[in-house]
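J.: For reference, the file protein10.tsv (TSV, C-alpha atoms) is included below:
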```tsv
chain	number	residue	atom	x	y	z
A	323	MET	CA	-41.73	121.06	73.80
A	324	PHE	CA	-39.99	118.29	75.74
A	325	SER	CA	-39.65	120.38	78.91
A	326	ARG	CA	-43.36	121.21	78.70
A	327	PHE	CA	-44.12	117.50	78.28
A	328	LYS	CA	-42.09	116.58	81.37
A	329	PHE	CA	-43.90	119.28	83.39
A	330	LEU	CA	-47.30	117.95	82.38
A	331	ILE	CA	-46.57	114.32	83.16
A	332	SER	CA	-45.21	115.29	86.56
A	333	LYS	CA	-48.60	116.83	87.31
A	334	LYS	CA	-50.88	114.28	85.67
A	335	MET	CA	-49.26	110.84	85.35
A	336	THR	CA	-46.14	109.54	87.05
A	337	THR	CA	-44.63	106.23	86.03
A	338	ASP	CA	-41.47	104.75	84.56
A	339	TYR	CA	-40.99	104.79	80.79
A	340	LEU	CA	-43.22	107.78	80.00
A	341	ARG	CA	-40.34	109.56	78.30
A	342	GLU	CA	-39.50	106.44	76.28
A	343	ALA	CA	-43.14	106.07	75.26
A	344	TYR	CA	-43.38	109.69	74.14
A	345	VAL	CA	-40.18	109.56	72.10
A	346	ALA	CA	-41.36	106.27	70.58
A	347	GLN	CA	-44.73	107.78	69.67
A	348	LEU	CA	-43.15	110.78	67.95
A	349	ALA	CA	-40.59	108.63	66.11
A	350	VAL	CA	-43.10	106.03	64.97
A	351	LYS	CA	-45.49	108.73	63.82
A	352	ARG	CA	-42.76	110.49	61.78
A	353	ALA	CA	-41.76	107.15	60.27
A	354	SER	CA	-45.42	106.45	59.45
A	355	LEU	CA	-45.78	109.77	57.65
A	356	LEU	CA	-42.80	108.73	55.53
A	357	THR	CA	-44.40	105.39	54.67
A	358	VAL	CA	-47.63	107.11	53.65
A	359	LYS	CA	-45.71	109.44	51.34
A	360	VAL	CA	-43.77	106.52	49.86
A	361	SER	CA	-46.98	104.55	49.32
A	362	GLU	CA	-48.32	107.44	47.26
A	363	GLU	CA	-45.18	107.87	45.16
A	364	HIS	CA	-42.91	104.78	45.14
A	365	LEU	CA	-44.83	101.52	45.41
A	366	ASN	CA	-41.96	99.39	44.13
A	367	SER	CA	-40.15	96.73	46.13
A	368	ILE	CA	-36.73	95.11	46.12
A	369	ASP	CA	-36.34	91.42	46.95
A	370	LYS	CA	-34.03	90.57	49.85
A	371	SER	CA	-31.91	87.41	50.00
A	372	ASP	CA	-34.83	85.50	51.57
A	373	SER	CA	-37.10	86.67	48.70
A	374	SER	CA	-39.18	88.87	51.02
A	375	PRO	CA	-39.90	92.36	49.69
A	376	VAL	CA	-38.46	95.58	51.10
A	377	THR	CA	-39.15	99.18	50.05
A	378	ILE	CA	-37.48	102.55	50.43
A	379	GLY	CA	-40.14	103.12	53.08
A	380	ASP	CA	-38.70	100.31	55.21
A	381	PHE	CA	-35.21	101.80	55.06
A	382	GLY	CA	-36.28	105.39	55.64
A	383	ALA	CA	-38.57	104.47	58.53
A	384	GLN	CA	-35.83	102.45	60.22
A	385	ALA	CA	-33.39	105.36	59.92
A	386	ILE	CA	-35.87	107.84	61.41
A	387	VAL	CA	-36.74	105.68	64.41
A	388	ILE	CA	-33.19	104.57	65.24
A	389	ASN	CA	-31.92	108.14	64.94
A	390	ALA	CA	-34.53	109.26	67.49
A	391	ILE	CA	-33.66	106.43	69.88
A	392	LEU	CA	-29.93	107.17	69.75
A	393	LYS	CA	-30.48	110.91	70.22
A	394	ASN	CA	-32.44	110.35	73.43
A	395	PHE	CA	-31.03	107.07	74.76
A	396	SER	CA	-27.52	106.86	73.40
A	397	ASN	CA	-26.53	103.70	75.26
A	398	ASP	CA	-29.54	101.68	74.12
A	399	GLU	CA	-29.32	98.96	71.47
A	400	VAL	CA	-31.70	98.31	68.59
A	401	VAL	CA	-32.76	95.05	66.94
A	402	GLY	CA	-33.89	96.24	63.51
A	403	GLU	CA	-35.10	94.19	60.58
A	404	GLU	CA	-33.07	95.94	57.87
A	405	ASP	CA	-29.44	96.86	57.12
A	406	SER	CA	-27.90	99.11	54.47
A	407	SER	CA	-26.25	96.46	52.27
A	408	LEU	CA	-29.11	96.38	49.74
A	409	ILE	CA	-29.30	100.18	49.69
A	410	LYS	CA	-25.66	100.39	48.68
A	411	GLU	CA	-25.98	97.55	46.19
A	412	LYS	CA	-28.88	99.29	44.42
A	413	ASN	CA	-27.37	102.79	44.79
A	414	ILE	CA	-30.55	104.23	46.29
A	415	GLU	CA	-29.03	106.11	49.24
A	416	ASP	CA	-29.84	109.54	47.81
A	417	LEU	CA	-33.39	108.55	46.88
A	418	ILE	CA	-34.16	107.41	50.42
A	419	PHE	CA	-32.36	110.38	51.98
A	420	ASN	CA	-34.43	112.83	49.90
A	421	GLU	CA	-37.65	111.19	51.09
A	422	VAL	CA	-36.51	111.36	54.70
A	423	CYS	CA	-35.57	115.04	54.31
A	424	GLY	CA	-39.05	115.82	53.02
A	425	ILE	CA	-40.70	114.28	56.09
A	426	GLN	CA	-38.22	115.92	58.47
A	427	LYS	CA	-39.11	119.29	56.95
A	428	LYS	CA	-42.83	118.59	57.33
A	429	ASP	CA	-42.36	117.48	60.97
A	430	ALA	CA	-39.65	120.01	61.87
A	431	ASN	CA	-41.37	121.12	65.09
A	432	HIS	CA	-40.23	117.81	66.65
A	433	ASP	CA	-36.58	118.03	65.54
A	434	ASP	CA	-35.48	119.00	69.04
A	435	ILE	CA	-36.63	115.58	70.27
A	436	LEU	CA	-36.22	113.36	67.22
A	437	GLY	CA	-33.14	114.91	65.65
A	438	THR	CA	-32.52	114.72	61.91
A	439	ILE	CA	-30.73	112.56	59.35
A	440	ASN	CA	-28.21	114.89	57.73
A	441	SER	CA	-26.72	112.94	54.82
A	442	ALA	CA	-27.05	109.74	52.82
A	443	SER	CA	-24.05	108.28	54.62
A	444	HIS	CA	-25.59	109.21	57.99
A	445	LEU	CA	-28.77	107.43	56.89
A	446	CYS	CA	-26.90	104.19	56.12
A	447	GLU	CA	-24.88	104.36	59.33
A	448	THR	CA	-28.05	104.84	61.35
A	449	ILE	CA	-29.86	101.94	59.69
A	450	ASP	CA	-26.91	99.69	60.51
A	451	ARG	CA	-27.20	100.54	64.21
A	452	GLY	CA	-30.12	98.11	64.24
A	453	ASN	CA	-27.62	95.26	64.46
A	454	SER	CA	-28.05	94.28	68.12
A	455	SER	CA	-28.10	90.56	68.85
A	456	GLY	CA	-30.75	91.11	71.50
A	457	GLY	CA	-30.49	89.26	74.78
A	458	ARG	CA	-31.50	89.19	78.40
A	459	ASN	CA	-29.52	92.17	79.70
A	460	GLY	CA	-29.91	95.89	79.16
A	461	ARG	CA	-32.23	98.11	77.16
A	462	ILE	CA	-32.96	96.86	73.65
A	463	TRP	CA	-35.50	98.25	71.18
A	464	ALA	CA	-37.16	95.87	68.70
A	465	LEU	CA	-38.10	97.67	65.48
A	466	ASP	CA	-40.07	96.61	62.43
A	467	PRO	CA	-40.09	99.68	60.17
A	468	ILE	CA	-42.85	98.28	57.96
A	469	ASP	CA	-44.52	95.15	59.25
A	470	GLY	CA	-46.63	93.69	56.46
A	471	THR	CA	-44.67	94.95	53.45
A	472	LYS	CA	-46.89	92.98	51.06
A	473	GLY	CA	-49.95	94.68	52.56
A	474	PHE	CA	-48.15	98.01	52.20
A	475	LEU	CA	-47.50	97.29	48.53
A	476	ARG	CA	-51.20	96.46	48.01
A	477	GLY	CA	-52.26	99.72	49.67
A	478	ASP	CA	-53.76	97.64	52.47
A	479	GLN	CA	-52.87	97.11	56.14
A	480	TYR	CA	-49.34	97.47	57.50
A	481	ALA	CA	-47.77	98.81	60.68
A	482	VAL	CA	-44.70	100.59	62.02
A	483	CYS	CA	-43.82	98.76	65.25
A	484	LEU	CA	-41.46	99.58	68.09
A	485	GLY	CA	-40.99	97.87	71.45
A	486	LEU	CA	-38.60	98.55	74.31
A	487	ILE	CA	-37.26	95.42	76.02
A	488	VAL	CA	-35.48	95.86	79.35
A	489	ASP	CA	-33.63	92.84	80.77
A	490	GLY	CA	-35.74	90.57	78.59
A	491	GLU	CA	-39.13	92.10	79.47
A	492	VAL	CA	-41.18	94.30	77.14
A	493	LYS	CA	-41.80	97.64	78.85
A	494	VAL	CA	-43.08	99.91	76.07
A	495	GLY	CA	-44.89	99.17	72.83
A	496	VAL	CA	-45.93	101.61	70.10
A	497	ILE	CA	-47.62	100.66	66.83
A	498	ALA	CA	-48.83	102.97	64.06
A	499	CYS	CA	-51.36	101.63	61.55
A	500	PRO	CA	-51.86	104.27	58.83
A	501	ASN	CA	-54.72	102.45	57.07
A	502	LEU	CA	-56.48	100.71	59.97
A	503	PRO	CA	-60.08	101.89	60.58
A	504	HIS	CA	-60.71	103.25	64.07
A	505	SER	CA	-63.40	100.59	64.32
A	506	LEU	CA	-63.65	97.40	62.26
A	507	ARG	CA	-67.23	97.03	63.45
A	508	THR	CA	-68.39	100.39	62.06
A	509	GLU	CA	-68.65	100.96	58.32
A	510	GLY	CA	-67.04	104.16	57.12
A	511	SER	CA	-64.90	104.57	60.24
A	512	ALA	CA	-61.99	107.04	60.07
A	513	LYS	CA	-58.60	105.46	59.37
A	514	GLY	CA	-55.18	105.73	61.00
A	515	GLY	CA	-54.37	104.73	64.57
A	516	LEU	CA	-51.49	105.11	67.01
A	517	PHE	CA	-51.45	102.43	69.72
A	518	THR	CA	-49.30	102.70	72.85
A	519	ALA	CA	-48.76	100.50	75.92
A	520	ILE	CA	-46.59	100.83	79.01
A	521	LYS	CA	-46.01	97.80	81.20
A	522	GLY	CA	-48.36	97.97	84.19
A	523	HIS	CA	-50.18	101.08	82.96
A	524	GLY	CA	-52.52	99.95	80.20
A	525	SER	CA	-52.96	100.34	76.46
A	526	TYR	CA	-54.12	103.48	74.67
A	527	PHE	CA	-55.34	104.59	71.27
A	528	GLN	CA	-55.34	107.91	69.45
A	529	ASP	CA	-55.83	109.09	65.90
A	530	LEU	CA	-52.54	108.84	64.03
A	531	TYR	CA	-53.03	112.05	62.08
A	532	SER	CA	-53.88	114.27	65.05
A	533	ASP	CA	-51.38	115.83	67.47
A	534	ILE	CA	-50.07	113.27	69.95
A	535	THR	CA	-51.97	113.43	73.21
A	536	PHE	CA	-49.96	113.79	76.39
A	537	PRO	CA	-49.96	112.76	79.14
A	538	LEU	CA	-50.68	109.30	77.74
A	539	ASN	CA	-53.62	108.65	80.06
A	540	LYS	CA	-55.52	111.54	78.46
A	541	SER	CA	-55.87	109.47	75.27
A	542	GLN	CA	-58.41	106.65	74.85
A	543	ARG	CA	-57.85	103.64	77.12
A	544	ILE	CA	-58.58	100.42	75.25
A	545	ASN	CA	-59.51	96.93	76.43
A	546	VAL	CA	-60.24	93.54	74.93
A	547	HIS	CA	-63.75	92.08	75.11
A	548	ASN	CA	-63.27	89.69	78.03
A	549	GLU	CA	-67.06	89.59	78.41
A	550	TYR	CA	-67.34	87.69	75.10
A	551	GLY	CA	-67.36	83.90	75.06
A	552	ILE	CA	-66.26	81.64	72.20
A	553	ASP	CA	-69.66	81.93	70.50
A	554	SER	CA	-69.24	85.72	70.13
A	555	SER	CA	-65.53	85.72	69.29
A	556	ARG	CA	-64.08	86.79	65.96
A	557	VAL	CA	-60.77	85.43	64.70
A	558	LEU	CA	-58.08	87.61	63.13
A	559	GLU	CA	-56.35	85.88	60.24
A	560	GLY	CA	-53.38	86.96	58.17
A	561	VAL	CA	-53.85	87.73	54.50
A	562	GLU	CA	-50.59	86.06	53.46
A	563	LYS	CA	-50.92	82.28	53.52
A	564	GLY	CA	-47.21	81.76	54.17
A	565	HIS	CA	-47.32	83.25	57.68
A	566	SER	CA	-49.59	80.73	59.41
A	567	SER	CA	-50.96	77.21	58.99
A	568	HIS	CA	-54.45	77.94	57.74
A	569	GLY	CA	-55.38	74.24	57.67
A	570	LEU	CA	-54.69	73.87	61.40
A	571	GLN	CA	-56.40	77.18	62.01
A	572	GLY	CA	-59.59	75.96	60.32
A	573	LEU	CA	-59.56	72.77	62.40
A	574	ILE	CA	-59.15	74.73	65.64
A	575	LYS	CA	-62.06	77.00	64.74
A	576	GLU	CA	-64.21	73.98	63.89
A	577	LYS	CA	-63.46	72.21	67.18
A	578	LEU	CA	-64.12	75.39	69.18
A	579	GLY	CA	-67.40	75.94	67.36
A	580	ILE	CA	-66.48	79.43	66.19
A	581	THR	CA	-69.11	80.71	63.79
A	582	GLN	CA	-68.39	84.43	63.62
A	583	PRO	CA	-66.81	85.59	60.33
A	584	SER	CA	-63.05	86.02	60.42
A	585	VAL	CA	-61.24	89.34	60.00
A	586	ASN	CA	-58.31	89.31	57.55
A	587	LEU	CA	-55.49	91.76	58.24
A	588	ASP	CA	-51.79	92.00	57.49
A	589	SER	CA	-49.12	92.79	60.10
A	590	GLN	CA	-49.29	93.64	63.82
A	591	ALA	CA	-52.47	95.52	62.99
A	592	LYS	CA	-54.05	92.25	64.18
A	593	TYR	CA	-52.72	92.84	67.69
A	594	CYS	CA	-54.11	96.38	67.56
A	595	ALA	CA	-57.54	95.20	66.47
A	596	LEU	CA	-57.59	92.61	69.27
A	597	ALA	CA	-56.48	95.12	71.91
A	598	LYS	CA	-59.15	97.59	70.81
A	599	GLY	CA	-61.95	95.03	70.89
A	600	ASP	CA	-62.51	94.59	67.16
A	601	ALA	CA	-61.85	90.84	67.42
A	602	GLU	CA	-61.04	88.36	70.16
A	603	ILE	CA	-58.59	85.77	68.78
A	604	TYR	CA	-55.36	85.89	66.77
A	605	LEU	CA	-53.75	82.59	65.78
A	606	ARG	CA	-50.26	82.51	64.27
A	607	LEU	CA	-49.62	78.83	63.80
A	608	PRO	CA	-46.28	77.42	62.65
A	609	LYS	CA	-45.92	76.22	59.06
A	610	ASP	CA	-42.50	74.80	59.94
A	611	PRO	CA	-41.83	73.26	63.38
A	612	ASN	CA	-38.28	74.65	63.26
A	613	TYR	CA	-39.24	78.23	62.45
A	614	ARG	CA	-38.76	80.81	65.20
A	615	GLU	CA	-40.60	84.14	65.16
A	616	LYS	CA	-38.63	87.39	65.05
A	617	ILE	CA	-38.94	89.58	68.14
A	618	TRP	CA	-39.68	92.70	66.07
A	619	ASP	CA	-42.80	90.99	64.70
A	620	HIS	CA	-44.35	90.62	68.16
A	621	ALA	CA	-42.80	92.71	70.95
A	622	ALA	CA	-45.02	95.79	70.68
A	623	GLY	CA	-48.20	93.83	69.93
A	624	TYR	CA	-47.55	91.40	72.78
A	625	LEU	CA	-47.49	94.23	75.31
A	626	LEU	CA	-50.44	96.01	73.75
A	627	VAL	CA	-52.71	92.97	74.09
A	628	ASN	CA	-51.50	92.03	77.57
A	629	GLU	CA	-52.01	95.58	78.84
A	630	SER	CA	-55.52	95.68	77.37
A	631	GLY	CA	-56.54	92.63	79.39
A	632	GLY	CA	-55.72	89.88	76.91
A	633	LYS	CA	-53.13	87.11	76.91
A	634	VAL	CA	-50.33	86.23	74.47
A	635	THR	CA	-48.39	82.94	74.55
A	636	ASP	CA	-46.89	80.32	72.29
A	637	ILE	CA	-49.10	77.48	71.03
A	638	TYR	CA	-48.57	75.52	74.27
A	639	GLY	CA	-49.59	78.36	76.58
A	640	ASN	CA	-46.07	79.43	77.57
A	641	ASP	CA	-45.23	83.11	77.90
A	642	LEU	CA	-43.12	84.58	75.08
A	643	ASP	CA	-39.43	85.08	75.90
A	644	PHE	CA	-38.07	88.32	74.42
A	645	GLY	CA	-34.68	87.88	76.08
A	646	TYR	CA	-33.52	84.93	73.97
A	647	GLY	CA	-32.06	86.99	71.12
A	648	ARG	CA	-33.34	88.26	67.79
A	649	THR	CA	-35.90	85.45	67.71
A	650	LEU	CA	-38.33	83.83	70.12
A	651	ASN	CA	-37.33	80.33	71.19
A	652	SER	CA	-40.85	78.95	70.85
A	653	GLN	CA	-43.44	77.81	68.31
A	654	GLY	CA	-46.23	80.03	67.06
A	655	VAL	CA	-48.20	82.76	68.82
A	656	ILE	CA	-51.69	82.69	70.32
A	657	ALA	CA	-53.19	86.05	71.31
A	658	ALA	CA	-56.73	86.24	72.67
A	659	THR	CA	-58.97	87.59	75.36
A	660	SER	CA	-58.21	86.09	78.76
A	661	THR	CA	-61.67	84.53	78.70
A	662	VAL	CA	-61.11	82.28	75.69
A	663	HIS	CA	-57.32	81.84	75.65
A	664	GLY	CA	-57.29	78.71	77.82
A	665	ALA	CA	-59.86	76.95	75.65
A	666	ILE	CA	-57.81	77.69	72.55
A	667	ILE	CA	-54.64	76.21	74.04
A	668	SER	CA	-56.52	73.10	75.18
A	669	THR	CA	-57.97	72.65	71.70
A	670	ILE	CA	-54.57	73.03	70.03
A	671	LYS	CA	-53.05	70.42	72.32
A	672	SER	CA	-55.94	68.05	71.63
A	673	ILE	CA	-55.02	68.24	67.94
A	674	ILE	CA	-51.21	68.31	67.89
A	675	GLY	CA	-50.47	66.62	71.22
A	676	GLU	CA	-49.46	67.97	74.61
A	677	ASN	CA	-45.92	68.61	73.39
A	678	GLY	CA	-46.59	68.95	69.66
A	679	GLU	CA	-46.04	65.31	68.77
A	680	LYS	CA	-48.35	65.66	65.73
A	681	LEU	CA	-47.52	69.26	64.77
A	682	GLN	CA	-45.53	68.20	61.69
A	683	GLU	CA	-48.70	66.71	60.19
A	684	TYR	CA	-50.27	70.18	59.98
A	685	CYS	CA	-47.25	72.11	58.72
```
Before we go any further, please render this structure as structure tokens.
T.:
Amino acid sequence: MFSRFKFLISKKMTTDYLREAYVAQLAVKRASLLTVKVSEEHLNSIDKSDSSPVTIGDFGAQAIVINAILKNFSNDEVVGEEDSSLIKEKNIEDLIFNEVCGIQKKDANHDDILGTINSASHLCETIDRGNSSGGRNGRIWALDPIDGTKGFLRGDQYAVCLGLIVDGEVKVGVIACPNLPHSLRTEGSAKGGLFTAIKGHGSYFQDLYSDITFPLNKSQRINVHNEYGIDSSRVLEGVEKGHSSHGLQGLIKEKLGITQPSVNLDSQAKYCALAKGDAEIYLRLPKDPNYREKIWDHAAGYLLVNESGGKVTDIYGNDLDFGYGRTLNSQGVIAATSTVHGAIISTIKSIIGENGEKLQEYC
């Protein structure tokens, strides 16, 4: 399979990071199939030390993706959200391993590329390989095995997200959204999308539950609606109130004169909807001036929107720095079409000050 893939891309599409993108697509899809199975059978969560929920789907998905990365790119590092300490504390290694084995059996035709997890101890060891500190040098993957765990637990929107960062710059982004409609503007649209971007070569969409299309440029190219002005723009808002300052968000929308109804989604599915043209603005506004976003929550979505013609920055209009470490050294995230992004940043500064002097008032 892999040799056939390499032959086809040599004939149809030649660029750096095609192999990485293909491995990432296969790994993220396998991990997504696991999360779907878990959502049907085991919708229970365990609270981590920060009180955020985690499921056996998070752990199993992280193991699958990291195992695939290490099989193909053995010298690469991974910044993963989870580690195995809670698994061992709760004695659920065998439960997770059995779920992973079931998906590996179902997706066995890709074992030659993705490899397999062969034991419960192998599963824990693989999960713990997501312990990179990040940084500005080398090849580092940022992985969120289930972004939007609360949405996952509700049977709503969530995403499996993977980005490749090379010397501090995001080069590949892949996001799977098992429950996201192909179109948020069309009632009854089919659900399940796989979104892929390669730096300098655009963003693409394909149905998650169909065979992966290769070469990548044979799948659907997607773009933001840069032809829409503020009056036609829809805002993507998170469902969970703890992730963004909704008071400041409402004030920004009022000052901009946005009248279109908002779209509420969990996870990096918001980046996917923006990149595909289902909305035009995503505001993630800080609820604590000292909070710093995790790179796994944004790396893949950042590239997806940028490569679809949009723009992603912090709340002051500065580019996001994925070479700082496991977090971004900035406040908030503003993703939008290139047409309206500047107006949003100007409006934010008019409210909180050029350098955020009044930000604390809205947190």
J.: With only C-alpha atoms as the basis for distance, which of A:Gly424, A:Gly579, A:Gly654, A:Gly457 is at the shortest distance from Ile439 in chain A?
T.: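 Ranking A:Gly424, A:Gly579, A:Gly654, A:Gly457 by distance to Ile439 in chain A, first place goes to A:Gly424.
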J.: Expressed in Å to a single decimal, how great is the separation between CA of Arg614 in chain A and CA of Ile637 in chain A?
T.: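 CA of Arg614 in chain A sits 12.3 Å away from CA of Ile637 in chain A.
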J.: How big is the axis-aligned box, and where does its centre sit, when it encloses all atoms of range 567-571 of chain A listed in the file and has 3 Å added on every side, reported in Å to one decimal as lines of an AutoDock Vina configuration file?
T.:
```
center_x = -53.7
center_y = 75.9
center_z = 59.8
size_x = 11.4
size_y = 10.1
size_z = 10.3
```
J.: CA of Asn612 in chain A and CA of Gly560 in chain A are how many Å apart?
T.: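 It comes out at 20.1 Å.
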J.: So that I can check the surroundings of Gln528 in chain A, please list as a list in words every protein, DNA and RNA residue that reaches within 8 Å of it, counting only C-alpha atoms and ignoring chain neighbours fewer than 2 positions away.
T.: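 Contacts, with the query itself left out: Gly515, Leu516, Phe517, Tyr526, Leu530, Ser532, Ile534, Thr535, Ser541 and Gln542 of chain A.
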J.: Just the residues within 8 Å of Ile386 in chain A, please, counting all atoms listed in the file, with nothing from its chain fewer than 2 positions along; format it as JSON, numbers by chain.
T.: {"A": [349, 352, 353, 382, 383, 384, 388, 389, 390, 422, 438, 439]}
J.: Would you mind telling me which residue in A:Asp433, A:Glu363, A:Glu491, A:Asp610 lies nearest to Gly456 in chain A when using all atoms listed in the file?
T.: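 Of all the options, A:Glu491 lies closest to Gly456 in chain A.
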J.: Could you check the closest approach to Gly470 in chain A for each of A:Gly675, A:Gly379, A:Pro608, A:Pro583 and tell me which residue wins, using only C-alpha atoms?
T.: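 With only C-alpha atoms as the atom set, the closest residue is A:Gly379.
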J.: Write out as a tab-separated table a residue-level contact list of range 345-438 of chain A versus range 641-648 of chain A with cut-off 10 Å: for each qualifying residue the closest pair of atoms and the distance in Å to one decimal, counting only C-alpha atoms, rows sorted by chain and residue number upward.
T.:
```
residue	atom	partner	partner_atom	distance
A:Val401	CA	A:Arg648	CA	6.9
A:Gly402	CA	A:Arg648	CA	9.1
A:Glu403	CA	A:Arg648	CA	9.5
```
J.: Residues near Leu578 in chain A, anyone? I mean within 10 Å using all atoms listed in the file, not counting same-chain ones fewer than 2 positions away, as number ranges by chain.
T.: A: 552-553, 572-576, 580-581, 662, 665-666, 668-670
J.: In Å, with one decimal, what is the gap from CA of Val400 in chain A to CA of Gly473 in chain A?
T.: 24.6 Å
J.: Pick out the closest residue to Ile435 in chain A from this set: A:Trp618, A:Leu626, A:Val634, A:Tyr344. Count all atoms listed in the file.
T.: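 Comparing A:Trp618, A:Leu626, A:Val634, A:Tyr344 against Ile435 in chain A, the winner is A:Tyr344.
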